[in-house]
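**Q** Please find my_file_13.cif (mmCIF, C-alpha atoms and all ligand atoms) on the next line:
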data_start
#
loop_
_atom_site.label_atom_id
_atom_site.label_comp_id
_atom_site.auth_asym_id
_atom_site.auth_seq_id
_atom_site.Cartn_x
_atom_site.Cartn_y
_atom_site.Cartn_z
CA MET P 1 -4.36 12.03 17.26
CA GLU P 2 -3.82 8.51 18.62
CA SER P 3 -0.38 7.09 17.98
CA ASN P 4 -1.41 3.94 16.06
CA ALA P 5 -2.78 4.51 12.60
CA VAL P 6 -3.20 0.78 11.99
CA GLU P 7 -3.34 -2.12 14.39
CA LEU P 8 -3.76 -5.76 13.42
CA ARG P 9 -4.81 -8.13 16.19
CA ARG P 10 -4.54 -11.87 15.57
CA ILE P 11 -5.60 -11.58 11.95
CA SER P 12 -6.19 -14.81 10.08
CA LYS P 13 -7.52 -15.29 6.58
CA SER P 14 -8.14 -18.35 4.40
CA PHE P 15 -9.20 -18.64 0.78
CA SER P 16 -10.79 -21.61 -0.92
CA ALA P 17 -9.78 -22.47 -4.45
CA ASN P 18 -10.34 -25.72 -6.37
CA GLY P 19 -11.92 -27.36 -3.34
CA LYS P 20 -8.87 -26.64 -1.17
CA VAL P 21 -8.70 -24.19 1.71
CA GLU P 22 -5.46 -22.23 1.93
CA LYS P 23 -4.57 -20.33 5.09
CA VAL P 24 -3.08 -17.13 3.74
CA LEU P 25 -2.60 -15.15 6.95
CA ASN P 26 -1.99 -16.77 10.30
CA GLN P 27 -2.48 -14.79 13.52
CA ILE P 28 -0.81 -11.56 12.42
CA ASN P 29 -0.25 -9.03 15.19
CA GLY P 30 1.24 -5.69 14.24
CA THR P 31 1.00 -1.97 14.78
CA VAL P 32 1.85 0.93 12.51
CA GLN P 33 2.35 4.26 14.22
CA THR P 34 0.90 7.43 12.79
CA GLY P 35 3.41 8.96 10.39
CA ALA P 36 5.41 5.75 9.84
CA ILE P 37 6.46 4.48 6.43
CA LEU P 38 6.17 0.73 6.77
CA ASN P 39 7.64 -1.49 4.09
CA ILE P 40 6.02 -4.90 3.91
CA LEU P 41 8.43 -7.40 2.37
CA GLY P 42 8.10 -11.08 1.62
CA PRO P 43 8.02 -13.69 -1.13
CA SER P 44 5.32 -13.79 -3.77
CA GLY P 45 2.10 -15.24 -2.37
CA SER P 46 3.09 -14.71 1.27
CA GLY P 47 0.01 -12.56 2.01
CA LYS P 48 1.26 -8.97 1.70
CA SER P 49 -1.54 -7.67 -0.55
CA THR P 50 -4.09 -9.48 1.59
CA ILE P 51 -2.89 -7.46 4.58
CA LEU P 52 -3.38 -4.20 2.66
CA SER P 53 -6.85 -5.29 1.54
CA MET P 54 -7.89 -5.72 5.18
CA CYS P 55 -6.99 -2.11 5.97
CA ASN P 56 -9.70 -0.62 3.77
CA LEU P 57 -12.06 -3.58 3.98
CA LEU P 58 -11.65 -4.79 0.43
CA LEU P 59 -11.37 -8.05 2.40
CA ALA P 60 -12.51 -8.81 5.94
CA PRO P 61 -10.45 -11.05 8.24
CA ASP P 62 -11.88 -14.46 9.18
CA GLU P 63 -10.52 -14.04 12.69
CA GLY P 64 -9.08 -11.09 14.54
CA GLU P 65 -9.58 -7.37 14.23
CA VAL P 66 -8.11 -4.49 12.27
CA TYR P 67 -8.14 -1.06 13.89
CA ILE P 68 -7.83 2.07 11.77
CA HIS P 69 -7.17 5.18 13.87
CA GLY P 70 -8.35 3.20 16.90
CA LYS P 71 -11.70 2.11 15.41
CA GLU P 72 -12.36 -1.45 14.25
CA VAL P 73 -12.49 -1.49 10.49
CA ARG P 74 -15.98 -3.04 10.32
CA LYS P 75 -17.36 -0.19 12.43
CA TRP P 76 -16.32 2.44 9.90
CA ASN P 77 -18.73 3.81 7.37
CA ILE P 78 -17.18 2.38 4.18
CA PRO P 79 -17.02 5.56 2.05
CA GLU P 80 -15.49 7.39 5.01
CA LEU P 81 -12.98 4.58 5.56
CA ARG P 82 -12.00 4.59 1.87
CA GLN P 83 -11.50 8.35 1.97
CA LYS P 84 -9.19 8.03 4.96
CA VAL P 85 -7.36 4.99 3.64
CA GLY P 86 -6.22 5.49 0.04
CA ILE P 87 -4.82 2.68 -2.08
CA ALA P 88 -2.66 2.58 -5.20
CA PHE P 89 -1.68 -0.53 -7.17
CA GLN P 90 1.12 -1.51 -9.52
CA SER P 91 -1.32 -1.56 -12.45
CA ALA P 92 -2.64 1.99 -11.79
CA PRO P 93 -6.09 1.08 -13.21
CA MET P 94 -7.75 3.92 -15.16
CA ILE P 95 -11.19 4.51 -16.58
CA PRO P 96 -11.23 5.30 -20.34
CA GLY P 97 -11.16 9.05 -20.89
CA THR P 98 -9.04 12.01 -19.96
CA VAL P 99 -6.71 12.72 -17.07
CA LEU P 100 -9.42 15.01 -15.67
CA ASP P 101 -12.07 12.24 -15.88
CA ASN P 102 -9.79 10.01 -13.82
CA LEU P 103 -8.85 12.70 -11.36
CA MET P 104 -12.51 13.48 -10.71
CA LEU P 105 -13.47 9.84 -10.20
CA PRO P 106 -13.22 9.70 -6.39
CA ALA P 107 -14.91 13.08 -6.06
CA ASN P 108 -17.76 11.86 -8.26
CA ILE P 109 -18.06 8.64 -6.25
CA HIS P 110 -18.15 10.57 -2.98
CA GLN P 111 -20.29 13.37 -4.45
CA MET P 112 -17.71 15.97 -3.59
CA THR P 113 -16.99 19.11 -5.56
CA ILE P 114 -13.37 19.59 -6.47
CA HIS P 115 -12.23 23.14 -7.05
CA HIS P 116 -9.02 23.50 -9.04
CA PRO P 117 -8.36 19.84 -9.91
CA GLU P 118 -5.08 20.99 -11.45
CA GLN P 119 -3.65 21.48 -7.94
CA TYR P 120 -3.58 17.67 -7.57
CA LEU P 121 -1.59 17.33 -10.76
CA ASN P 122 0.85 19.90 -9.42
CA LYS P 123 1.20 17.90 -6.21
CA VAL P 124 2.43 14.90 -8.19
CA GLY P 125 4.57 16.87 -10.61
CA LEU P 126 2.36 16.58 -13.70
CA PRO P 127 1.75 19.68 -15.83
CA THR P 128 -1.70 21.27 -15.74
CA SER P 129 -1.76 21.12 -19.54
CA MET P 130 -2.22 17.38 -19.17
CA LEU P 131 -5.79 17.60 -17.82
CA GLN P 132 -7.43 17.01 -21.21
CA LYS P 133 -4.95 14.36 -22.34
CA ASN P 134 -6.28 10.84 -22.95
CA VAL P 135 -4.99 8.48 -20.26
CA GLN P 136 -4.08 5.95 -22.96
CA ASP P 137 -1.32 8.33 -24.03
CA LEU P 138 0.40 8.51 -20.62
CA SER P 139 3.65 6.70 -19.81
CA GLY P 140 3.73 4.15 -16.97
CA GLY P 141 5.32 6.70 -14.62
CA GLN P 142 2.75 9.37 -15.54
CA LYS P 143 -0.10 6.89 -14.93
CA GLN P 144 1.31 6.04 -11.54
CA ARG P 145 1.53 9.76 -10.69
CA LEU P 146 -2.05 10.24 -11.81
CA ALA P 147 -3.17 7.24 -9.72
CA LEU P 148 -1.51 8.87 -6.71
CA ALA P 149 -3.06 12.26 -7.49
CA ARG P 150 -6.46 10.60 -7.69
CA THR P 151 -5.93 9.02 -4.29
CA LEU P 152 -4.75 12.35 -2.82
CA VAL P 153 -8.02 14.07 -3.79
CA ASN P 154 -9.53 12.40 -0.72
CA ARG P 155 -6.72 13.69 1.52
CA PRO P 156 -6.10 10.21 2.96
CA SER P 157 -4.37 9.93 6.33
CA ILE P 158 -3.19 6.41 5.42
CA LEU P 159 -1.84 5.36 2.03
CA LEU P 160 -1.64 1.72 0.99
CA LEU P 161 0.85 1.21 -1.83
CA ASP P 162 0.96 -2.17 -3.52
CA GLU P 163 4.19 -2.54 -5.50
CA ILE P 164 3.54 0.77 -7.22
CA THR P 165 7.00 0.99 -8.75
CA SER P 166 7.46 -2.62 -9.93
CA ALA P 167 6.62 -1.86 -13.57
CA LEU P 168 8.70 1.33 -13.83
CA ASP P 169 12.19 2.06 -15.11
CA PRO P 170 14.82 2.94 -12.46
CA SER P 171 14.61 6.72 -12.90
CA SER P 172 10.80 6.70 -12.65
CA VAL P 173 11.13 4.49 -9.55
CA ARG P 174 13.30 7.13 -7.88
CA GLU P 175 10.94 9.92 -8.92
CA ILE P 176 7.92 8.13 -7.46
CA GLU P 177 9.85 7.42 -4.26
CA GLU P 178 10.73 11.12 -3.95
CA LEU P 179 7.11 12.00 -4.59
CA ILE P 180 5.84 9.68 -1.86
CA LEU P 181 8.45 11.01 0.57
CA SER P 182 7.37 14.58 -0.18
CA ILE P 183 3.68 13.71 0.34
CA HIS P 184 4.62 11.99 3.59
CA LYS P 185 6.58 15.01 4.75
CA ALA P 186 3.88 17.51 3.83
CA GLU P 187 0.91 15.60 5.26
CA ASN P 188 2.44 13.19 7.83
CA THR P 189 0.60 10.46 5.93
CA THR P 190 1.04 6.95 7.32
CA ILE P 191 2.23 4.70 4.52
CA LEU P 192 2.03 0.91 4.21
CA TRP P 193 4.16 0.08 1.20
CA VAL P 194 4.37 -3.45 -0.15
CA THR P 195 7.56 -3.92 -2.13
CA HIS P 196 9.74 -6.73 -3.44
CA ASP P 197 12.67 -4.40 -3.49
CA LEU P 198 14.92 -4.57 -0.46
CA GLU P 199 16.91 -1.54 -1.60
CA GLN P 200 13.69 0.44 -1.90
CA ALA P 201 12.88 -0.45 1.71
CA ARG P 202 16.33 0.80 2.73
CA ARG P 203 15.75 4.07 0.85
CA VAL P 204 12.21 4.94 1.89
CA GLY P 205 11.03 3.07 4.98
CA THR P 206 11.04 3.89 8.66
CA GLU P 207 9.77 0.41 9.65
CA CYS P 208 9.87 -3.04 8.05
CA TRP P 209 7.84 -6.21 8.27
CA LEU P 210 8.79 -9.53 6.73
CA ILE P 211 5.90 -11.85 5.88
CA VAL P 212 6.65 -15.50 5.16
CA ASN P 213 3.86 -18.00 4.48
CA GLY P 214 1.24 -15.79 6.09
CA GLU P 215 3.27 -15.17 9.24
CA LEU P 216 4.77 -11.90 10.35
CA VAL P 217 8.24 -13.19 11.18
CA GLU P 218 10.03 -9.88 11.79
CA GLN P 219 8.92 -6.37 12.59
CA GLY P 220 11.02 -3.46 13.69
CA THR P 221 12.44 -0.12 12.77
CA LYS P 222 14.42 -0.07 9.55
CA ASP P 223 17.69 -0.03 11.51
CA GLU P 224 16.65 -2.97 13.68
CA PHE P 225 15.43 -4.89 10.66
CA PHE P 226 18.59 -4.44 8.63
CA SER P 227 21.20 -4.35 11.41
CA SER P 228 19.95 -6.74 14.07
CA PRO P 229 17.25 -9.06 12.72
CA LYS P 230 16.04 -11.66 15.20
CA ASP P 231 14.44 -14.32 13.02
CA ASP P 232 16.61 -16.74 11.02
CA ARG P 233 14.41 -16.26 7.96
CA THR P 234 15.12 -12.53 8.01
CA LYS P 235 18.84 -13.21 8.31
CA GLN P 236 18.70 -15.54 5.30
CA PHE P 237 16.59 -13.07 3.37
CA LEU P 238 19.04 -10.24 4.04
CA ALA P 239 22.01 -12.40 3.10
CA LYS P 240 20.63 -14.13 0.01
CA GLY P 241 17.55 -12.19 -1.08
CA MET P 242 14.04 -13.43 -1.65
CA LYS P 243 15.23 -16.71 -3.20
CA ALA P 244 16.29 -17.81 0.30
CA LEU P 245 12.63 -17.90 1.30
CA THR P 246 11.01 -19.52 -1.73
N1 LIG C 1 -9.46 -13.50 -3.68
C1 LIG C 1 -8.69 -14.56 -3.56
N2 LIG C 1 -9.18 -15.82 -3.73
C2 LIG C 1 -8.40 -16.91 -3.59
N3 LIG C 1 -7.09 -16.87 -3.27
C3 LIG C 1 -6.55 -15.66 -3.11
C4 LIG C 1 -7.30 -14.43 -3.24
N4 LIG C 1 -6.48 -13.39 -2.99
C5 LIG C 1 -5.27 -13.92 -2.73
N5 LIG C 1 -5.30 -15.27 -2.79
C6 LIG C 1 -4.18 -16.18 -2.52
O1 LIG C 1 -3.63 -15.79 -1.28
C7 LIG C 1 -2.21 -15.94 -1.29
C8 LIG C 1 -1.60 -14.62 -0.86
O2 LIG C 1 -1.86 -13.64 -1.86
P1 LIG C 1 -1.33 -12.15 -1.75
O3 LIG C 1 -1.74 -11.47 -3.00
O4 LIG C 1 -1.75 -11.55 -0.46
O5 LIG C 1 0.24 -12.38 -1.72
P2 LIG C 1 1.42 -11.34 -1.94
O6 LIG C 1 2.42 -11.62 -0.87
O7 LIG C 1 0.90 -9.96 -2.04
O8 LIG C 1 2.00 -11.84 -3.34
P3 LIG C 1 2.71 -11.01 -4.54
O9 LIG C 1 4.00 -10.52 -3.98
O10 LIG C 1 2.91 -12.05 -5.59
O11 LIG C 1 1.78 -9.91 -4.95
C9 LIG C 1 -1.83 -16.38 -2.69
O12 LIG C 1 -1.66 -17.78 -2.67
C10 LIG C 1 -3.04 -16.01 -3.51
O13 LIG C 1 -3.20 -16.88 -4.60
#
Let me see whether you can do it: turn the structure in this file into structure tokens.
Ligand SMILES: Nc1ncnc2c1ncn2[C@@H]1O[C@H](COP(=O)(O)OP(=O)(O)OP(=O)(O)O)[C@@H](O)[C@H]1O
**A**
Amino acid sequence: MESNAVELRRISKSFSANGKVEKVLNQINGTVQTGAILNILGPSGSGKSTILSMCNLLLAPDEGEVYIHGKEVRKWNIPELRQKVGIAFQSAPMIPGTVLDNLMLPANIHQMTIHHPEQYLNKVGLPTSMLQKNVQDLSGGQKQRLALARTLVNRPSILLLDEITSALDPSSVREIEELILSIHKAENTTILWVTHDLEQARRVGTECWLIVNGELVEQGTKDEFFSSPKDDRTKQFLAKGMKALT
């Protein structure tokens, strides 16, 4: 397999709101090697989620190109792209119904047959007995596990995680981190993980990016990022936290 799972080349993106045009991403260049766990850090509104949305074509860039496994994102067949590139959000959105209904959702969309859906619950540490449970009755951590299980049904080679632990208590945060690390280890999944939590990046990442005002100001291995940052904004961020950048 090629060594870059994701490559962003001179990506720019603007949004218009209330008659104003806001440039949200400005000429982002970055690569994510296959098997990396990249943490994308940065202040609120800096463009982190927009970057993730470009990787499975929820949004298209205005300028530049995104390559997924070496192929420009707009050249992919969309269902195939969305199978390869899974996404999970903080809110873990669910359809009304049972755990099984939710687990089967991607298979139904892609007209796949899933044998033994309970195996996906096992992968995320949920008991098989939960299949018929109403999703309304799950805890936040259980919902997040189910959202991950649902994404894993497609056997994605790239996982996009958008602040998936922000709403969880500290012990659930650690459990989800362990779960992601075990999925990564078992499948060599490439992970792009947006987080506000610097300590989480220290615990889980192999690479880090810092996005400030739509610019990628620092990218490097975790050690480079934390031990020898080059950009002044990264140095301030590491010394004083996110408030230094807002
Ligand atoms: N669909 C959209 N239409 C208009 N503006 C948008 C849209 N999506 C995002 N934006 C704007 O783009 C900017 C970047 O948003 P984005 O969600 O990428 O930031 P973020 O770094 O992920 O923020 P947070 O950490 O708060 O989730 C914000 O100002 C946001 O309001």
**Q** What does the distance from atom CA of P:Gln132 to atom CA of P:Asp101 come to in Å, to one decimal?
**A** 8.5 Å
**Q** Residues at most 7 Å from ligand LIG 1 (chain C), using all atoms listed in the file? Could they come as a list in words?
**A**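 My answer, listing the contacting residues, is Phe15, Ser16, Ala17, Val24, Gly42, Pro43, Ser44, Gly45, Ser46, Gly47, Lys48, Ser49, Thr50, Ile51 and His196 of chain P.
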**Q** Would you kindly return, as a list in words, each protein, DNA or RNA residue with an atom no farther than 12 Å from any atom of stretch 222-228 of chain P, considering all atoms listed in the file and excluding same-chain residues fewer than 4 positions away?
**A** Ala36, Ile37, Leu38, Asn39, Ile40, Leu41, Leu198, Glu199, Gln200, Ala201, Arg202, Arg203, Val204, Gly205, Thr206, Glu207, Cys208, Trp209, Leu210, Val217, Glu218, Asp232, Arg233, Thr234, Lys235, Gln236, Phe237, Leu238 and Ala239 of chain P
**Q** Atom CA of P:Leu8 and atom CA of P:Asn77, how far apart in Å?
**A** 18.8 Å
**Q** Which one of P:Arg174, P:His69, P:Lys240, P:His116 sits closest to P:Gly141 if you count only C-alpha atoms?
**A**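 Residue with the minimum atom-to-atom distance to P:Gly141: P:Arg174.
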**Q** Kindly give the distance, in Å, that separates atom CA of P:Lys84 and atom CA of P:Ser157, rounded to a single decimal.
**A**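 Distance between the two atoms: 5.4 Å.
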**Q** Which of these residues is nearest to P:Val66, using all atoms listed in the file: P:Val6, P:Val99, P:Val153, P:Leu138?
**A**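 Selected residue with least distance to P:Val66: P:Val6.
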**Q** My list of candidates is P:Arg145, P:Gly64, P:Ser53, P:Leu159. Which is closest to P:Gln27 when distances are computed with all atoms listed in the file?
**A**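 Among the listed residues, the smallest separation from P:Gln27 belongs to P:Gly64.
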**Q** Between P:Ala107, P:Ile158, P:Leu216, P:Ile183, which residue has the minimum interatomic distance to P:Asn122, considering only C-alpha atoms?
**A**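 Looking at the shortest contact to P:Asn122, the residue is P:Ile183.
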**Q** Looking at P:Thr151, P:Lys143, P:Gly214, P:Leu105, which one is nearest to P:Arg82, with distances taken over only C-alpha atoms?
**A**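 Once distances to P:Arg82 are computed over only C-alpha atoms, the minimum belongs to P:Thr151.
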